[in-house]
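Remarks on the structure that follows.
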Amino acid sequence: MSGPEIKPLSHSVGAEVLGVDLSRLDDQTFVAVAQAFDEHHGLLFRGQTLSPDDLVAFSRRFGDLDHAPVMEKGKTAVSGYPEIYIVSNIKDDDGKAIGSLGAGEAVWHTDMSYLPNPPGISMLYALEVPPEGGDTSLCSMAAAHDELPADLREKTAGLWIKHDGTFNSGGYLRQGVREDSDPMTCEGQPHPVVCAHPRTGRPVLYLGRRRNAYIVGLERQESEDLLNALWEFATLPDYTYTHRWRVGDLLMWNNRATMHRREPFDANARRLMQRTQIKGHAQPVPPR
Ligand code: OGA
Ligand code: MN
């Protein structure tokens, strides 16, 4: 019995799955895909043609789906599919963006870690891509954890980070939230600095996003210094993979074991992505 071909995309995160049509995935292939996902934290499938029903059906094989969140410009979901969130800079006839995140940089982050139980998996499916820019990078928080210098490991042992709930990765204020740029007072959710991978138990760093982050219980400057050191280390090129999009690509990542970032692109170019999110099965917890 031979499964699909799995080709690593970098030495610490991501693999491409070849020869698979996600609109007609048999159970045996799904098991191989799920295994590769646990191992590589991110998977790429090229050349897909997925209707909204196909995208939702494939996503559901990994668990229950979240509804598209309310973003800076209100709700942006595909009509009739509240689970499919639109990430796009394209404007409709009234000049209103049809999706979220614009054309600017989306800084390194994990999706929605300001919630007590953040999404477990995110999937992004490319329908239109700009001729250049808009690349999406992943970084492995498992590799970053494993290679963390001893002094940083000791200094952060047992600590928790408050993950900001104020701004999204594009720098926009979330709807209905009080604007606050003070890490000590902003709204947010604390999580352990080191968490267990929800399926394999492997220890991973869990940083969320840098802006307004705060290490609970430390002096402001101590927290800033430690966070800067952690961030500098975790986003080193050694732990990242950068994806150059083609139409028909589906990239999925374990939202508890990776961070991601999007490069800016020309605001006059068109980029259209559909995103689904699979609910987290449990709150992030420290490894046993
Ligand atoms: C997201 C996100 C990056 C991108 O949808 O959560 O961060 O490449 N997207 O559009
Ligand atoms: Mn994101």
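Residue names in the structure tokens use chain letters A, B, ... in the order shown, residue numbers from 1 in each chain, and ligand numbers from 1 in the order shown.
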
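The shell of residues at most 10 Å from Arg209 of chain A, with only C-alpha atoms counted and near chain neighbours (fewer than 5 positions) removed, consists of Val107, Trp108, His109, Thr110, Asp111, Met112, Ser113, Tyr114, Lys162, His163, Asp164, Gly165, Phe167, Asn168, Ser169, Trp231, Met259 and His260 of chain A.
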
Just want the residues within 9 Å of ligand 1, written as a short mmCIF file (atom, residue, chain, number, x, y, z; two decimals) with N, CA and C atoms, in the first residue's frame, counting only C-alpha atoms and all ligand atoms.
data_model
loop_
_atom_site.label_atom_id
_atom_site.label_comp_id
_atom_site.auth_asym_id
_atom_site.auth_seq_id
_atom_site.Cartn_x
_atom_site.Cartn_y
_atom_site.Cartn_z
N TYR A 85 -14.11 32.31 5.34
CA TYR A 85 -13.72 33.70 5.56
C TYR A 85 -12.94 34.15 4.32
N ILE A 86 -13.18 35.38 3.90
CA ILE A 86 -12.49 35.89 2.71
C ILE A 86 -11.32 36.76 3.13
N VAL A 87 -10.14 36.43 2.63
CA VAL A 87 -8.95 37.26 2.83
C VAL A 87 -8.66 37.88 1.47
N SER A 88 -8.90 39.18 1.34
CA SER A 88 -8.72 39.81 0.03
C SER A 88 -8.62 41.33 0.16
N SER A 100 -10.82 40.62 4.22
CA SER A 100 -10.03 41.23 5.28
C SER A 100 -8.54 41.26 4.94
N LEU A 101 -7.83 42.00 5.74
CA LEU A 101 -6.36 42.07 5.77
C LEU A 101 -5.71 42.95 4.70
N GLY A 102 -6.51 43.53 3.78
CA GLY A 102 -5.94 44.51 2.85
C GLY A 102 -4.79 43.96 2.03
N ALA A 103 -3.82 44.86 1.71
CA ALA A 103 -2.68 44.48 0.88
C ALA A 103 -1.36 44.69 1.62
N GLU A 105 1.45 44.28 4.95
CA GLU A 105 2.05 43.13 5.61
C GLU A 105 1.12 42.63 6.70
N ALA A 106 1.04 41.31 6.85
CA ALA A 106 0.43 40.73 8.05
C ALA A 106 1.63 40.21 8.84
N VAL A 107 1.91 40.83 9.97
CA VAL A 107 3.12 40.48 10.73
C VAL A 107 2.99 39.06 11.30
N TRP A 108 4.10 38.48 11.69
CA TRP A 108 4.09 37.12 12.27
C TRP A 108 3.01 37.01 13.34
N HIS A 109 2.25 35.94 13.28
CA HIS A 109 1.21 35.73 14.29
C HIS A 109 0.67 34.31 14.22
N THR A 110 -0.11 33.99 15.23
CA THR A 110 -0.93 32.78 15.26
C THR A 110 -2.36 33.27 15.24
N ASP A 111 -3.25 32.56 14.56
CA ASP A 111 -4.62 33.07 14.45
C ASP A 111 -5.38 33.01 15.78
N MET A 112 -5.90 34.15 16.14
CA MET A 112 -6.88 34.27 17.22
C MET A 112 -6.45 33.68 18.57
N SER A 122 -5.66 26.27 10.47
CA SER A 122 -6.16 27.22 9.48
C SER A 122 -5.81 26.71 8.10
N MET A 123 -6.72 26.92 7.14
CA MET A 123 -6.47 26.55 5.74
C MET A 123 -6.71 27.77 4.88
N LEU A 124 -5.81 27.97 3.90
CA LEU A 124 -5.94 29.10 2.99
C LEU A 124 -5.90 28.55 1.57
N GLY A 134 2.88 39.23 -1.50
CA GLY A 134 1.80 38.47 -0.89
C GLY A 134 2.20 37.05 -0.53
N ASP A 135 3.51 36.76 -0.50
CA ASP A 135 3.95 35.42 -0.09
C ASP A 135 3.58 35.19 1.38
N THR A 136 3.32 33.95 1.72
CA THR A 136 2.98 33.62 3.11
C THR A 136 4.07 32.71 3.68
N SER A 137 4.59 33.09 4.83
CA SER A 137 5.62 32.27 5.48
C SER A 137 5.04 31.55 6.69
N SER A 169 -3.48 41.08 12.80
CA SER A 169 -2.11 41.02 12.28
C SER A 169 -1.84 42.08 11.23
N GLY A 170 -2.90 42.65 10.66
CA GLY A 170 -2.73 43.74 9.70
C GLY A 170 -2.61 45.08 10.42
N HIS A 243 6.11 30.69 1.22
CA HIS A 243 5.32 30.16 0.11
C HIS A 243 4.97 31.22 -0.93
N TRP A 245 2.66 31.90 -3.90
CA TRP A 245 1.36 31.33 -4.27
C TRP A 245 1.16 31.15 -5.76
N HIS A 260 2.55 32.42 11.29
CA HIS A 260 2.62 32.76 9.87
C HIS A 260 2.68 34.27 9.70
N ARG A 261 3.09 34.66 8.50
CA ARG A 261 3.28 36.07 8.18
C ARG A 261 2.99 36.24 6.69
N ARG A 262 2.44 37.37 6.29
CA ARG A 262 2.23 37.62 4.87
C ARG A 262 2.97 38.88 4.45
N GLU A 263 3.69 38.78 3.34
CA GLU A 263 4.35 39.96 2.79
C GLU A 263 3.31 40.88 2.16
N ARG A 271 -5.77 39.92 -5.01
CA ARG A 271 -5.45 38.69 -4.27
C ARG A 271 -6.74 38.24 -3.60
N LEU A 272 -7.09 37.00 -3.83
CA LEU A 272 -8.35 36.48 -3.25
C LEU A 272 -8.10 35.09 -2.68
N MET A 273 -8.31 34.97 -1.38
CA MET A 273 -8.11 33.70 -0.67
C MET A 273 -9.38 33.36 0.09
N GLN A 274 -9.63 32.08 0.22
CA GLN A 274 -10.70 31.63 1.10
C GLN A 274 -10.05 30.90 2.26
N ARG A 275 -10.51 31.18 3.46
CA ARG A 275 -9.91 30.56 4.63
C ARG A 275 -10.95 29.83 5.47
N THR A 276 -10.60 28.66 5.94
CA THR A 276 -11.41 27.98 6.94
C THR A 276 -10.56 27.78 8.19
N GLN A 277 -11.24 27.61 9.31
CA GLN A 277 -10.54 27.33 10.56
C GLN A 277 -11.24 26.19 11.27
#

What's the 10 Å shell around Leu50 of chain A, counting only C-alpha atoms, without same-chain residues fewer than 3 positions away, as a PDB file with C-alpha atoms, in the first residue's frame?
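Now in out-v3.pdb:
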ATOM      1  CA  ASP A  21      -7.316  15.799  -5.369  1.00  0.00           C
ATOM      2  CA  LEU A  22      -8.827  17.233  -2.192  1.00  0.00           C
ATOM      3  CA  SER A  23     -12.341  17.192  -3.664  1.00  0.00           C
ATOM      4  CA  GLY A  47      -3.436  22.490  -8.485  1.00  0.00           C
ATOM      5  CA  ASP A  53     -18.644  22.812  -0.574  1.00  0.00           C
ATOM      6  CA  ASP A  54     -15.396  20.956  -1.345  1.00  0.00           C
ATOM      7  CA  LEU A  55     -13.359  23.306   0.831  1.00  0.00           C
ATOM      8  CA  VAL A  56     -15.780  22.961   3.728  1.00  0.00           C
ATOM      9  CA  ALA A  57     -15.970  19.168   3.311  1.00  0.00           C
ATOM     10  CA  PHE A  58     -12.181  18.732   3.316  1.00  0.00           C
ATOM     11  CA  TYR A 125      -7.045  28.388  -0.579  1.00  0.00           C
ATOM     12  CA  ALA A 126      -5.835  30.671  -3.398  1.00  0.00           C
ATOM     13  CA  LEU A 127      -8.325  31.840  -6.047  1.00  0.00           C
ATOM     14  CA  GLY A 248      -5.245  26.479  -6.882  1.00  0.00           C
ATOM     15  CA  ASP A 249      -2.850  26.159  -3.936  1.00  0.00           C
ATOM     16  CA  LEU A 250      -4.203  25.109  -0.578  1.00  0.00           C
TER      17      LEU A 250
END

What parts of segment 17-215 of chain A does DSSP call strand (DSSP E or B)? I'd like the answer as a PDB file with C-alpha atoms, in the first residue's frame.
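That gives us out19.pdb:
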ATOM      1  CA  VAL A  17       1.523  16.486  -0.769  1.00  0.00           C
ATOM      2  CA  LEU A  18       1.623  15.441  -4.416  1.00  0.00           C
ATOM      3  CA  GLY A  42       2.054  22.651   7.513  1.00  0.00           C
ATOM      4  CA  LEU A  43       0.925  21.072   4.210  1.00  0.00           C
ATOM      5  CA  LEU A  44       0.714  22.354   0.664  1.00  0.00           C
ATOM      6  CA  PHE A  45      -1.563  20.919  -2.050  1.00  0.00           C
ATOM      7  CA  LEU A  65     -15.318  24.514  11.859  1.00  0.00           C
ATOM      8  CA  VAL A  70     -15.842  39.614  12.591  1.00  0.00           C
ATOM      9  CA  MET A  71     -12.895  41.642  11.344  1.00  0.00           C
ATOM     10  CA  GLY A  74     -17.293  43.693   9.646  1.00  0.00           C
ATOM     11  CA  LYS A  75     -18.028  40.126   8.672  1.00  0.00           C
ATOM     12  CA  ALA A  77     -17.644  35.369   4.675  1.00  0.00           C
ATOM     13  CA  VAL A  78     -18.583  33.715   1.406  1.00  0.00           C
ATOM     14  CA  TYR A  81     -20.906  29.708   3.755  1.00  0.00           C
ATOM     15  CA  PRO A  82     -20.410  31.299   7.165  1.00  0.00           C
ATOM     16  CA  GLU A  83     -17.385  29.003   7.680  1.00  0.00           C
ATOM     17  CA  ILE A  84     -15.471  30.470   4.741  1.00  0.00           C
ATOM     18  CA  TYR A  85     -13.721  33.699   5.560  1.00  0.00           C
ATOM     19  CA  ILE A  86     -12.493  35.890   2.713  1.00  0.00           C
ATOM     20  CA  VAL A  87      -8.950  37.261   2.826  1.00  0.00           C
ATOM     21  CA  SER A  88      -8.720  39.814   0.034  1.00  0.00           C
ATOM     22  CA  LYS A  91     -13.088  46.095  -3.578  1.00  0.00           C
ATOM     23  CA  ALA A  97     -13.361  45.578   0.574  1.00  0.00           C
ATOM     24  CA  SER A 100     -10.031  41.233   5.280  1.00  0.00           C
ATOM     25  CA  LEU A 101      -6.362  42.067   5.769  1.00  0.00           C
ATOM     26  CA  ALA A 106       0.432  40.734   8.053  1.00  0.00           C
ATOM     27  CA  VAL A 107       3.117  40.477  10.725  1.00  0.00           C
ATOM     28  CA  TRP A 108       4.088  37.124  12.267  1.00  0.00           C
ATOM     29  CA  HIS A 109       1.207  35.730  14.291  1.00  0.00           C
ATOM     30  CA  ILE A 121      -5.906  24.550  12.183  1.00  0.00           C
ATOM     31  CA  SER A 122      -6.164  27.224   9.484  1.00  0.00           C
ATOM     32  CA  MET A 123      -6.474  26.547   5.736  1.00  0.00           C
ATOM     33  CA  LEU A 124      -5.941  29.098   2.992  1.00  0.00           C
ATOM     34  CA  TYR A 125      -7.045  28.388  -0.579  1.00  0.00           C
ATOM     35  CA  ALA A 126      -5.835  30.671  -3.398  1.00  0.00           C
ATOM     36  CA  LEU A 127      -8.325  31.840  -6.047  1.00  0.00           C
ATOM     37  CA  GLU A 128      -6.452  34.914  -7.325  1.00  0.00           C
ATOM     38  CA  THR A 136       2.982  33.616   3.105  1.00  0.00           C
ATOM     39  CA  SER A 137       5.621  32.273   5.483  1.00  0.00           C
ATOM     40  CA  LEU A 138       5.250  29.625   8.169  1.00  0.00           C
ATOM     41  CA  CYS A 139       7.563  29.064  11.091  1.00  0.00           C
ATOM     42  CA  SER A 140       7.870  25.951  13.208  1.00  0.00           C
ATOM     43  CA  TRP A 160       2.643  32.726  30.630  1.00  0.00           C
ATOM     44  CA  ILE A 161       2.205  35.303  27.890  1.00  0.00           C
ATOM     45  CA  LYS A 162      -0.852  37.505  27.596  1.00  0.00           C
ATOM     46  CA  HIS A 163      -1.889  37.451  23.908  1.00  0.00           C
ATOM     47  CA  ASP A 164      -3.345  40.751  22.721  1.00  0.00           C
ATOM     48  CA  PHE A 167      -5.247  44.539  17.023  1.00  0.00           C
ATOM     49  CA  LEU A 173      -8.354  47.445  15.593  1.00  0.00           C
ATOM     50  CA  GLY A 188      -5.948  39.641  26.085  1.00  0.00           C
ATOM     51  CA  GLN A 189      -5.722  35.989  27.016  1.00  0.00           C
ATOM     52  CA  PRO A 190      -2.794  34.406  28.889  1.00  0.00           C
ATOM     53  CA  HIS A 191      -1.332  31.125  27.580  1.00  0.00           C
ATOM     54  CA  PRO A 192       1.774  29.193  28.684  1.00  0.00           C
ATOM     55  CA  VAL A 194       5.582  26.552  26.093  1.00  0.00           C
ATOM     56  CA  CYS A 195       2.517  24.482  25.176  1.00  0.00           C
ATOM     57  CA  ALA A 196       1.930  20.889  24.156  1.00  0.00           C
ATOM     58  CA  PRO A 203       6.480  20.980  23.219  1.00  0.00           C
ATOM     59  CA  VAL A 204       6.064  24.113  21.109  1.00  0.00           C
ATOM     60  CA  LEU A 205       6.647  27.798  21.776  1.00  0.00           C
ATOM     61  CA  ARG A 209       1.749  37.977  18.199  1.00  0.00           C
ATOM     62  CA  TYR A 214       3.103  40.779  27.954  1.00  0.00           C
ATOM     63  CA  ILE A 215       4.755  38.120  30.080  1.00  0.00           C
TER      64      ILE A 215
END

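For the set A:Pro119, A:Glu154, A:Gly133, A:Ala267, the residue with the smallest atom-to-atom gap to ligand 2 is A:Pro119, counting only C-alpha atoms and all ligand atoms.
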